[in-house]
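Colleague: I'd like to ask you about the structure that follows.
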Amino acid sequence: MTLTDEQKDEIINFTSELVKLPGESGDESKTAERVIRKMKSLSYDEVSVDEYGNVLGILKGDQPGRTIVFDGHMDVVPIREPELWEHTPFGGEIAQGKIWGRGTADMKGALAAMICAPAYLKRSEFAGTILVSASVAEEILIGAAFSKILDRNDVDAVVIGEPTGLKLGIAEKGRAGIEIISHGTVAHSSRPDLGDNAVYRMMEAVEKIRTLPRRTDPVLGEEVIELVEISSLPSPGNGSIPGECKSFWECRLLQGETKESFLGRWKKGLSGIEKVELKIAQINLESYTGVNMSMEDFLPGWITDNNQRFTALVKKSIGECDRDLALYAAPYGCNALVSAGVRNIPTVILGPGDISLAHKPNEFIKIEELLKCAEIYGTICRTF
Ligand SMILES: [Zn+2]
């Protein structure tokens with residue numbers, strides 16, 4: 001698929017427009033409104049919004065066929081270091097062959113490309129159904145909102161447009177948030193003999209988990225189990241022996257991990273330490289539609305089967321668009337964890353931009369890469 005100059009301008013300007021709209025997780029309403037208007041102006045067959053605020057656009061080909069979904073999340077992370085930005089963070093400025101601003105790479109560029117490119121095809125140029133999902137809250141609850149789209153639509157393949165620099169994402173580390181809670185007995189700090197210090201117990205537990213043998217995989221590398229936070233009660237602790245301590249661990253999981261297998265290793269590691277509990281973290285957020293979204297923070301990693309038809313088709317589409325093929329294992333978690341990791345739906349991660357620029361000052365996307373990505377998306381639709 002090749003784009004006309006008019007189409008190129010439309011994708012560039014739409015990306016810039018989306019960057020100018022607010023869209024932190026739970027505050028995507030303005031972005032959603034703009035996406036709905038764009039889909040309608042591009043003559044989508046159906047455009048709807050679900051209870052979480054995900055926007056879903058549907059394009060139907062002349063002939064029956066399979067169903068593919070392109071997903072891009074609308075939310076962005078907040079600006080934490082405004083003084084380090086050389087371009088206005090929400091300016092969507094176009095300069096030096098790039099579009100600048102929060103969310104250009106992660107991932108409003110891909111979102112603009114996946115909304116526009118399939119709609120440029122004639123209905124006679126593709127079979128089946130193309131779904132374009134502009135989902136919410138991915139930055140806080142990975143996969144929770146996108147799961148709603150997958151629950152309601154029978155989908156044969158998924159393209160997630162997270163930034164891969166147009167490399168083909170065929171594997172991804174999963175994620176989990178694990179809490180260890182240690183219990184003790186509160187006492188006056190002058191009489192530690194009357195209490196039972198929960199922090200000392202936690203220190204032992206921390207050491208055990210730090211030295212837990214790590215799993216490795218030739219594609220995904222080593223799993224990550226990292227302590228990110230410790231707190232104790234009462235707080236402030238002046239005068240008291242702490243009676244409770246919590247530590248929070250962020251983990252990046254390999255393929256094939258289950259809650260039972262993962263927590264089983266932790267329990268084994270902690271055996272011999274009394275009064276400690278393990279919990280998988282629960283994440284909650286209110287959507288812009290006022291609905292409470294929640295998820296258990298445990299999503300295993302995945303690796304695509306080498307013989308998968310869909311991956312072969314995407315590889316061919318990349319070649320047809322004169323782009324060299326490079327494969328990629330995503331070190332970050334994204335909505336592909338629920339389509340590929342949990343539901344086993346053929347999925348690729350493929351998008352413009354560099355993940356190392358995401359969530360940081362001076363995020364940008366190269367216009368050339370953005371347009372090439374749109375061509376690849378269109379080509380996938382035509383050959384799917
Ligand atoms: Zn993202």
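Ligands are numbered from 1 in the order shown, chains are lettered A, B, ... in the order of the structure tokens, and residues start at 1 in each chain.
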Write out as a tab-separated table a residue-level contact list of chain A versus ligand 1 with cut-off 12 Å: for each qualifying residue the closest pair of atoms and the distance in Å to one decimal, counting only C-alpha atoms and all ligand atoms, rows sorted by chain and residue number upward.
Modeller:
```
residue	atom	partner	partner_atom_place_in_ligand_line	distance
A:Glu24	CA	ligand 1	1 (Zn)	11.7
A:Ser25	CA	ligand 1	1 (Zn)	11.2
A:Asp71	CA	ligand 1	1 (Zn)	10.5
A:Gly72	CA	ligand 1	1 (Zn)	7.8
A:His73	CA	ligand 1	1 (Zn)	6.6
A:Met74	CA	ligand 1	1 (Zn)	8.7
A:Asp75	CA	ligand 1	1 (Zn)	8.1
A:Val76	CA	ligand 1	1 (Zn)	7.6
A:Val77	CA	ligand 1	1 (Zn)	9.1
A:Arg102	CA	ligand 1	1 (Zn)	11.2
A:Gly103	CA	ligand 1	1 (Zn)	8.2
A:Thr104	CA	ligand 1	1 (Zn)	10.2
A:Ala105	CA	ligand 1	1 (Zn)	8.1
A:Asp106	CA	ligand 1	1 (Zn)	4.6
A:Met107	CA	ligand 1	1 (Zn)	5.6
A:Lys108	CA	ligand 1	1 (Zn)	9.1
A:Gly109	CA	ligand 1	1 (Zn)	11.0
A:Ala110	CA	ligand 1	1 (Zn)	10.0
A:Leu111	CA	ligand 1	1 (Zn)	10.5
A:Ala134	CA	ligand 1	1 (Zn)	11.8
A:Ser135	CA	ligand 1	1 (Zn)	10.7
A:Val136	CA	ligand 1	1 (Zn)	10.6
A:Ala137	CA	ligand 1	1 (Zn)	9.8
A:Glu138	CA	ligand 1	1 (Zn)	6.9
A:Glu139	CA	ligand 1	1 (Zn)	6.5
A:Ile140	CA	ligand 1	1 (Zn)	10.2
A:Leu141	CA	ligand 1	1 (Zn)	11.3
A:Ile142	CA	ligand 1	1 (Zn)	9.2
A:Gly143	CA	ligand 1	1 (Zn)	11.0
A:Ile160	CA	ligand 1	1 (Zn)	9.3
A:Gly161	CA	ligand 1	1 (Zn)	8.2
A:Glu162	CA	ligand 1	1 (Zn)	5.4
A:Pro163	CA	ligand 1	1 (Zn)	7.4
A:Thr164	CA	ligand 1	1 (Zn)	10.5
A:Ala330	CA	ligand 1	1 (Zn)	11.5
A:Tyr332	CA	ligand 1	1 (Zn)	8.9
A:Gly333	CA	ligand 1	1 (Zn)	8.4
A:Cys334	CA	ligand 1	1 (Zn)	6.4
A:Asn335	CA	ligand 1	1 (Zn)	8.4
A:Ala336	CA	ligand 1	1 (Zn)	10.7
A:Ile349	CA	ligand 1	1 (Zn)	10.8
A:Leu350	CA	ligand 1	1 (Zn)	11.6
A:Gly351	CA	ligand 1	1 (Zn)	10.1
A:Pro352	CA	ligand 1	1 (Zn)	11.4
A:Gly353	CA	ligand 1	1 (Zn)	10.8
A:Asp354	CA	ligand 1	1 (Zn)	10.9
A:Ile355	CA	ligand 1	1 (Zn)	8.5
A:Ser356	CA	ligand 1	1 (Zn)	11.5
A:Leu357	CA	ligand 1	1 (Zn)	11.3
A:Ala358	CA	ligand 1	1 (Zn)	7.9
A:His359	CA	ligand 1	1 (Zn)	9.0
```
Colleague: Hey, what does DSSP flag as alpha helix (DSSP H) within region 11-161 of chain A? Can you give it to me as number ranges by chain?
Modeller: A: 11-20, 29-41, 109-116, 144-152
Colleague: If DSSP is run on the backbone, what residues of region 29-201 of chain A are strand (DSSP E)? A reply as a ChimeraX atom specification would be ideal.
Modeller: /A:46-49,55-60,63-73,94-95,98-100,127-135,157-160,168-172,174-183,187-188
Colleague: Could you name the residues that touch Glu125 (chain A) at 8 Å or less, counting only C-alpha atoms, but leaving out those on the same chain fewer than 4 positions away, as a list in words?
Modeller: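 The residues that qualify are Gly61, Leu121 and Arg382 of chain A.
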Colleague: Store the residues picked out above in a file with C-alpha atoms, as a PDB file, in the first residue's frame.
Modeller:
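New file result-v4.pdb:
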```pdb
ATOM      1  CA  GLY A  61     -14.745  -5.778   3.494  1.00  0.00           C
ATOM      2  CA  LEU A 121      -8.528   0.887   1.415  1.00  0.00           C
ATOM      3  CA  ARG A 382      -5.134  -6.187   2.284  1.00  0.00           C
TER       4      ARG A 382
END
```
Colleague: Just want the 10 Å neighbourhood of Gly341 (chain A), counted on only C-alpha atoms, with same-chain residues fewer than 2 positions away dropped. Output as a count of residues only.
Modeller: 22
Colleague: With 12 Å as the cut-off and only C-alpha atoms counted, what is the closest atom pair between each nearby residue of region 215-311 of chain A and region 153-157 of chain A? Distances in Å to one decimal, ordered by chain and number, as a tab-separated table.
Modeller:
```
residue	atom	partner	partner_atom	distance
A:Gln308	CA	A:Ala157	CA	10.7
A:Arg309	CA	A:Ala157	CA	10.1
A:Phe310	CA	A:Ala157	CA	7.1
A:Thr311	CA	A:Ala157	CA	9.5
```
Colleague: Quick one: everything within 9 Å of Asp50 (chain A), counting only C-alpha atoms, minus sequence neighbours fewer than 5 positions away in the same chain. Send it as a list in words.
Modeller: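 So, after excluding close chain neighbours, the residues are Val55, Leu56, Lys148 and Ile149 of chain A.
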Colleague: Would you write out those residues with C-alpha atoms, as a tab-separated table (two decimals), in the first residue's frame?
Modeller:
```
chain	number	residue	atom	x	y	z
A	55	VAL	CA	-13.50	3.34	21.23
A	56	LEU	CA	-14.01	0.61	18.64
A	148	LYS	CA	-13.28	-6.02	27.08
A	149	ILE	CA	-12.76	-5.66	23.31
```
Colleague: Using only C-alpha atoms, pick whichever of A:Val186, A:Phe364, A:Ser29, A:Ser294 has the shortest atom-to-atom distance to Asn238 (chain A).
Modeller: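 Nearest candidate to Asn238 (chain A) out of A:Val186, A:Phe364, A:Ser29, A:Ser294: A:Val186.
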Colleague: Can you tell me which residues surround region 270-279 of chain A at a distance of at most 6 Å, considering only C-alpha atoms, apart from same-chain residues fewer than 6 positions away, and format the answer as a compact mmCIF listing (two decimals) with N, CA and C atoms, in the first residue's frame?
Modeller:
```txt
# COMPACT_ATOMS: atom_id res chain seq x y z
N ILE A 178 3.95 -8.40 43.20
CA ILE A 178 3.80 -9.32 44.34
C ILE A 178 4.09 -8.56 45.63
N GLU A 179 3.22 -8.80 46.61
CA GLU A 179 3.39 -8.16 47.92
C GLU A 179 3.75 -9.24 48.94
N ILE A 180 4.75 -8.95 49.75
CA ILE A 180 5.02 -9.81 50.92
C ILE A 180 4.60 -9.00 52.14
N ILE A 181 3.82 -9.62 53.01
CA ILE A 181 3.43 -8.94 54.26
C ILE A 181 3.97 -9.78 55.41
N SER A 182 4.75 -9.13 56.28
CA SER A 182 5.21 -9.86 57.47
C SER A 182 4.50 -9.30 58.69
N HIS A 183 4.15 -10.18 59.60
CA HIS A 183 3.43 -9.77 60.82
C HIS A 183 4.32 -9.94 62.05
```
Colleague: Which residues are near Arg191 (chain A)? Cut-off 10 Å, only C-alpha atoms, ignore same chain within fewer than 2 positions. Put them as a list of chain:residue names.
Modeller: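 Once the nearby chain positions are removed, what remains is A:Ala187, A:His188, A:Ser189, A:Asp193, A:Leu194, A:Gly195, A:Gly239, A:Ser240, A:Ile241.
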Colleague: Point out the residue among A:Glu369, A:Asp27, A:Glu81, A:Glu207 with the least atom-to-atom distance to Gly97 (chain A), counting only C-alpha atoms.
Modeller: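 Among the listed residues, A:Glu369 lies closest to Gly97 (chain A).
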Colleague: Rounded to one decimal in Å, what is the spacing between CA of Val35 (chain A) and CA of Ser48 (chain A)?
Modeller: 10.7 Å
